[in-house]
Amino acid sequence: TVLAAAVAVHTALACAARGTVHLACRRAGRRRPRSALVVGAGEAGRRITTALYEHPEYGMRPVGVVEPGGEPADAALAEGVSVPVLTGREDIVRAAIQNAVRDAVFTLDPGTDPEAAALVPLFTDLDCTVWVVGTAGPAAHPA
């Protein structure tokens, strides 16, 4: 019984500590979100950008959408939300420097899309964390 009680107490304390750390990380993300660029202006890019706007506790604030080989425009997202669509390397570098971008969220797979693959070294040179998001379903998670 002593061993079972010790395991139960240890489990409860570990769960409480993990919950506290998770809550602190979400609050810190909400208070100080990092600027991010979303690579891919298609449906997946719109969903990810809108989700980042609607959930600031994720810790990322999208400041632009990168469309390799596309035409510049404004990405229509949720009601009242729009971000510039960046197409050229110069635009990407300028936006990354002006907004202190620290995260690049790829909705295009760099393994299969050569234009997206060409952008990965650019973002790593800019000291950005590169996230690849699966687009299979609505519950896509960074990999």
# chains A, B, ... in the order shown; residues from 1 in each chain; ligands from 1
>>> closest_atom_pairs(of="stretch 36-73 of chain A", to="stretch 19-30 of chain A", cutoff="8 Å", atoms="only C-alpha atoms", output="JSON lines")
{"residue": "A:Pro56", "atom": "CA", "partner": "A:Arg30", "partner_atom": "CA", "distance": 5.0}
{"residue": "A:Glu57", "atom": "CA", "partner": "A:Arg30", "partner_atom": "CA", "distance": 4.3}
{"residue": "A:Tyr58", "atom": "CA", "partner": "A:Gly29", "partner_atom": "CA", "distance": 6.0}
{"residue": "A:Gly59", "atom": "CA", "partner": "A:Gly29", "partner_atom": "CA", "distance": 3.7}
{"residue": "A:Met60", "atom": "CA", "partner": "A:Gly29", "partner_atom": "CA", "distance": 7.3}
>>> select_by_dssp(residues="chain A", states="strand (DSSP E or B)", output="ChimeraX atom specification")
/A:34-39,60-66,74-76,82-86,101-106,129-133,142
>>> atom_distance(atom1="atom CA of A:Pro33", atom2="atom CA of A:Pro62")
9.4 Å
>>> atom_distance(atom1="atom CA of A:Gly45", atom2="atom CA of A:Arg32")
22.6 Å
>>> select_by_dssp(residues="stretch 23-137 of chain A", states="alpha helix (DSSP H)", output="PyMOL selection string")
chain A and resi 23-31+43-54+89-98+114-125
>>> closest_residue(among="A:Val133, A:Pro110, A:Val65, A:Asp125", to="A:Leu86", atoms="only C-alpha atoms")
A:Val65
>>> closest_residue(among="A:Val2, A:His55, A:Gly64, A:Leu108", to="A:Thr87", atoms="only C-alpha atoms")
A:Gly64
>>> residues_around(residues="A:Thr129", least_positions_apart="4", cutoff="10 Å", atoms="only C-alpha atoms", output="list in words")
Ala36, Val101, Arg102, Asp103, Ala104, Val105, Val120, Phe123 and Thr124 of chain A
>>> write_last_selection(atoms="N, CA and C atoms", output="tab-separated table (two decimals), in the first residue's frame")
chain	number	residue	atom	x	y	z
A	36	ALA	N	6.08	35.43	-37.34
A	36	ALA	CA	6.23	34.24	-38.18
A	36	ALA	C	5.79	34.54	-39.60
A	101	VAL	N	11.36	38.33	-37.69
A	101	VAL	CA	10.74	37.02	-37.84
A	101	VAL	C	11.66	35.95	-37.28
A	102	ARG	N	11.12	35.07	-36.45
A	102	ARG	CA	11.88	33.99	-35.84
A	102	ARG	C	11.35	32.61	-36.20
A	103	ASP	N	10.19	32.55	-36.88
A	103	ASP	CA	9.59	31.26	-37.24
A	103	ASP	C	9.11	31.29	-38.68
A	104	ALA	N	9.34	30.20	-39.40
A	104	ALA	CA	8.81	30.00	-40.75
A	104	ALA	C	7.99	28.72	-40.72
A	105	VAL	N	6.70	28.84	-41.00
A	105	VAL	CA	5.79	27.70	-40.95
A	105	VAL	C	5.48	27.29	-42.39
A	120	VAL	N	14.12	26.97	-47.65
A	120	VAL	CA	14.59	26.49	-46.35
A	120	VAL	C	15.96	27.07	-46.00
A	123	PHE	N	15.63	30.75	-44.85
A	123	PHE	CA	15.13	30.94	-43.49
A	123	PHE	C	16.14	30.51	-42.44
A	124	THR	N	16.91	29.47	-42.71
A	124	THR	CA	17.92	29.08	-41.73
A	124	THR	C	19.04	30.13	-41.67
>>> residues_around(residues="stretch 92-95 of chain A", least_positions_apart="2", cutoff="9 Å", atoms="only C-alpha atoms", output="PDB file with N, CA and C atoms, in the first residue's frame")
ATOM      1  N   LEU A  37       6.392  33.839 -40.539  1.00  0.00           N
ATOM      2  CA  LEU A  37       5.953  33.849 -41.931  1.00  0.00           C
ATOM      3  C   LEU A  37       5.413  32.466 -42.258  1.00  0.00           C
ATOM      4  N   VAL A  63       3.034  37.536 -39.849  1.00  0.00           N
ATOM      5  CA  VAL A  63       3.214  38.879 -40.399  1.00  0.00           C
ATOM      6  C   VAL A  63       3.234  38.868 -41.912  1.00  0.00           C
ATOM      7  N   GLY A  64       3.115  37.675 -42.507  1.00  0.00           N
ATOM      8  CA  GLY A  64       3.095  37.574 -43.959  1.00  0.00           C
ATOM      9  C   GLY A  64       2.942  36.137 -44.392  1.00  0.00           C
ATOM     10  N   VAL A  66       4.129  33.635 -47.565  1.00  0.00           N
ATOM     11  CA  VAL A  66       5.068  33.500 -48.676  1.00  0.00           C
ATOM     12  C   VAL A  66       4.457  32.562 -49.706  1.00  0.00           C
ATOM     13  N   LEU A  86       4.029  37.581 -49.889  1.00  0.00           N
ATOM     14  CA  LEU A  86       5.389  37.856 -50.335  1.00  0.00           C
ATOM     15  C   LEU A  86       5.789  36.819 -51.369  1.00  0.00           C
ATOM     16  N   THR A  87       6.414  37.262 -52.466  1.00  0.00           N
ATOM     17  CA  THR A  87       6.767  36.321 -53.523  1.00  0.00           C
ATOM     18  C   THR A  87       8.260  36.259 -53.801  1.00  0.00           C
ATOM     19  N   GLY A  88       8.958  37.359 -53.691  1.00  0.00           N
ATOM     20  CA  GLY A  88      10.384  37.375 -54.032  1.00  0.00           C
ATOM     21  C   GLY A  88      11.266  37.235 -52.815  1.00  0.00           C
ATOM     22  N   ARG A  89      12.492  36.784 -53.045  1.00  0.00           N
ATOM     23  CA  ARG A  89      13.454  36.623 -51.947  1.00  0.00           C
ATOM     24  C   ARG A  89      13.714  37.954 -51.244  1.00  0.00           C
ATOM     25  N   GLU A  90      13.780  39.042 -52.024  1.00  0.00           N
ATOM     26  CA  GLU A  90      14.035  40.352 -51.418  1.00  0.00           C
ATOM     27  C   GLU A  90      12.897  40.744 -50.482  1.00  0.00           C
ATOM     28  N   ILE A  97      13.475  40.874 -41.681  1.00  0.00           N
ATOM     29  CA  ILE A  97      14.288  41.820 -40.910  1.00  0.00           C
ATOM     30  C   ILE A  97      13.415  42.868 -40.232  1.00  0.00           C
ATOM     31  N   GLN A  98      12.461  43.449 -40.966  1.00  0.00           N
ATOM     32  CA  GLN A  98      11.608  44.495 -40.405  1.00  0.00           C
ATOM     33  C   GLN A  98      10.746  44.001 -39.253  1.00  0.00           C
ATOM     34  N   ASN A  99      10.300  42.747 -39.325  1.00  0.00           N
ATOM     35  CA  ASN A  99       9.393  42.219 -38.306  1.00  0.00           C
ATOM     36  C   ASN A  99      10.074  41.287 -37.312  1.00  0.00           C
ATOM     37  N   ALA A 100      11.396  41.169 -37.391  1.00  0.00           N
ATOM     38  CA  ALA A 100      12.151  40.281 -36.507  1.00  0.00           C
ATOM     39  C   ALA A 100      11.543  38.874 -36.502  1.00  0.00           C
ATOM     40  N   VAL A 101      11.358  38.334 -37.691  1.00  0.00           N
ATOM     41  CA  VAL A 101      10.739  37.015 -37.843  1.00  0.00           C
ATOM     42  C   VAL A 101      11.665  35.946 -37.277  1.00  0.00           C
ATOM     43  N   LEU A 122      17.259  29.835 -46.979  1.00  0.00           N
ATOM     44  CA  LEU A 122      17.071  31.270 -46.745  1.00  0.00           C
ATOM     45  C   LEU A 122      16.611  31.520 -45.315  1.00  0.00           C
ATOM     46  N   PHE A 123      15.634  30.752 -44.852  1.00  0.00           N
ATOM     47  CA  PHE A 123      15.128  30.941 -43.491  1.00  0.00           C
ATOM     48  C   PHE A 123      16.142  30.507 -42.436  1.00  0.00           C
ATOM     49  N   LEU A 126      18.524  33.224 -41.970  1.00  0.00           N
ATOM     50  CA  LEU A 126      17.919  34.325 -41.205  1.00  0.00           C
ATOM     51  C   LEU A 126      17.677  33.944 -39.745  1.00  0.00           C
TER      52      LEU A 126
END
>>> decode(residues="stretch 36-140 of chain A", atoms="C-alpha atoms", output="JSON list (two decimals), in the first residue's frame")
[["chain", "number", "residue", "atom", "x", "y", "z"],
["A", 36, "ALA", "CA", 6.23, 34.24, -38.18],
["A", 37, "LEU", "CA", 5.95, 33.85, -41.93],
["A", 38, "VAL", "CA", 3.65, 31.17, -43.34],
["A", 39, "VAL", "CA", 4.99, 29.54, -46.53],
["A", 40, "GLY", "CA", 2.12, 28.56, -48.83],
["A", 41, "ALA", "CA", -0.81, 30.85, -49.61],
["A", 42, "GLY", "CA", -3.23, 28.08, -50.56],
["A", 43, "GLU", "CA", -6.06, 26.75, -48.43],
["A", 44, "ALA", "CA", -3.65, 25.22, -45.90],
["A", 45, "GLY", "CA", -1.75, 28.50, -45.59],
["A", 46, "ARG", "CA", -4.98, 30.41, -44.97],
["A", 47, "ARG", "CA", -6.07, 27.89, -42.32],
["A", 48, "ILE", "CA", -2.72, 28.00, -40.51],
["A", 49, "THR", "CA", -2.48, 31.81, -40.66],
["A", 50, "THR", "CA", -6.04, 32.21, -39.39],
["A", 51, "ALA", "CA", -5.42, 29.70, -36.60],
["A", 52, "LEU", "CA", -2.31, 31.56, -35.48],
["A", 53, "TYR", "CA", -4.29, 34.83, -35.39],
["A", 54, "GLU", "CA", -7.19, 33.27, -33.50],
["A", 55, "HIS", "CA", -4.94, 31.50, -30.97],
["A", 56, "PRO", "CA", -2.20, 33.86, -29.79],
["A", 57, "GLU", "CA", -1.35, 31.39, -27.01],
["A", 58, "TYR", "CA", 0.49, 29.38, -29.70],
["A", 59, "GLY", "CA", 3.18, 32.06, -29.45],
["A", 60, "MET", "CA", 3.34, 33.00, -33.13],
["A", 61, "ARG", "CA", 2.01, 36.11, -34.85],
["A", 62, "PRO", "CA", 1.87, 35.77, -38.66],
["A", 63, "VAL", "CA", 3.21, 38.88, -40.40],
["A", 64, "GLY", "CA", 3.09, 37.57, -43.96],
["A", 65, "VAL", "CA", 2.38, 34.67, -46.25],
["A", 66, "VAL", "CA", 5.07, 33.50, -48.68],
["A", 67, "GLU", "CA", 3.84, 32.22, -52.04],
["A", 68, "PRO", "CA", 6.79, 30.93, -54.05],
["A", 69, "GLY", "CA", 6.21, 31.84, -57.67],
["A", 70, "GLY", "CA", 2.92, 33.62, -56.96],
["A", 71, "GLU", "CA", 1.77, 37.18, -57.43],
["A", 72, "PRO", "CA", 1.81, 39.76, -54.61],
["A", 73, "ALA", "CA", -1.55, 40.51, -53.05],
["A", 74, "ASP", "CA", -3.24, 40.46, -49.67],
["A", 75, "ALA", "CA", -4.26, 37.13, -48.24],
["A", 76, "ALA", "CA", -7.90, 37.27, -47.20],
["A", 77, "LEU", "CA", -8.16, 35.35, -43.96],
["A", 78, "ALA", "CA", -10.69, 35.67, -41.18],
["A", 79, "GLU", "CA", -12.95, 38.71, -41.01],
["A", 80, "GLY", "CA", -10.84, 41.84, -40.63],
["A", 81, "VAL", "CA", -7.52, 39.98, -40.89],
["A", 82, "SER", "CA", -5.17, 40.34, -43.83],
["A", 83, "VAL", "CA", -1.43, 39.93, -44.27],
["A", 84, "PRO", "CA", 0.77, 40.68, -47.26],
["A", 85, "VAL", "CA", 1.66, 37.90, -49.69],
["A", 86, "LEU", "CA", 5.39, 37.86, -50.33],
["A", 87, "THR", "CA", 6.77, 36.32, -53.52],
["A", 88, "GLY", "CA", 10.38, 37.38, -54.03],
["A", 89, "ARG", "CA", 13.45, 36.62, -51.95],
["A", 90, "GLU", "CA", 14.04, 40.35, -51.42],
["A", 91, "ASP", "CA", 10.49, 40.79, -50.06],
["A", 92, "ILE", "CA", 10.96, 37.82, -47.74],
["A", 93, "VAL", "CA", 14.29, 39.06, -46.40],
["A", 94, "ARG", "CA", 12.92, 42.59, -45.95],
["A", 95, "ALA", "CA", 9.83, 41.34, -44.09],
["A", 96, "ALA", "CA", 11.94, 39.01, -41.93],
["A", 97, "ILE", "CA", 14.29, 41.82, -40.91],
["A", 98, "GLN", "CA", 11.61, 44.50, -40.41],
["A", 99, "ASN", "CA", 9.39, 42.22, -38.31],
["A", 100, "ALA", "CA", 12.15, 40.28, -36.51],
["A", 101, "VAL", "CA", 10.74, 37.02, -37.84],
["A", 102, "ARG", "CA", 11.88, 33.99, -35.84],
["A", 103, "ASP", "CA", 9.59, 31.26, -37.24],
["A", 104, "ALA", "CA", 8.81, 30.00, -40.75],
["A", 105, "VAL", "CA", 5.79, 27.70, -40.95],
["A", 106, "PHE", "CA", 5.79, 25.62, -44.14],
["A", 107, "THR", "CA", 2.45, 24.30, -45.37],
["A", 108, "LEU", "CA", 4.23, 23.14, -48.52],
["A", 109, "ASP", "CA", 6.39, 20.05, -48.12],
["A", 110, "PRO", "CA", 10.02, 21.01, -48.87],
["A", 111, "GLY", "CA", 10.69, 17.37, -49.71],
["A", 112, "THR", "CA", 8.30, 17.40, -52.66],
["A", 113, "ASP", "CA", 8.04, 21.10, -53.59],
["A", 114, "PRO", "CA", 11.31, 22.42, -55.09],
["A", 115, "GLU", "CA", 10.32, 26.09, -54.64],
["A", 116, "ALA", "CA", 9.64, 25.50, -50.93],
["A", 117, "ALA", "CA", 12.89, 23.54, -50.61],
["A", 118, "ALA", "CA", 14.79, 26.52, -52.03],
["A", 119, "LEU", "CA", 13.42, 28.71, -49.22],
["A", 120, "VAL", "CA", 14.59, 26.49, -46.35],
["A", 121, "PRO", "CA", 18.25, 27.66, -46.54],
["A", 122, "LEU", "CA", 17.07, 31.27, -46.75],
["A", 123, "PHE", "CA", 15.13, 30.94, -43.49],
["A", 124, "THR", "CA", 17.92, 29.08, -41.73],
["A", 125, "ASP", "CA", 20.35, 31.84, -42.80],
["A", 126, "LEU", "CA", 17.92, 34.32, -41.21],
["A", 127, "ASP", "CA", 18.07, 32.30, -37.94],
["A", 128, "CYS", "CA", 14.43, 31.25, -38.22],
["A", 129, "THR", "CA", 13.02, 28.07, -36.76],
["A", 130, "VAL", "CA", 11.54, 26.10, -39.65],
["A", 131, "TRP", "CA", 8.27, 24.28, -38.97],
["A", 132, "VAL", "CA", 6.70, 21.85, -41.44],
["A", 133, "VAL", "CA", 2.96, 21.49, -40.92],
["A", 134, "GLY", "CA", 1.01, 18.50, -42.19],
["A", 135, "THR", "CA", -1.99, 19.50, -44.24],
["A", 136, "ALA", "CA", -3.88, 16.19, -44.14],
["A", 137, "GLY", "CA", -6.58, 17.38, -41.77],
["A", 138, "PRO", "CA", -7.84, 20.19, -39.56],
["A", 139, "ALA", "CA", -5.66, 19.10, -36.63],
["A", 140, "ALA", "CA", -2.26, 19.69, -38.25]]
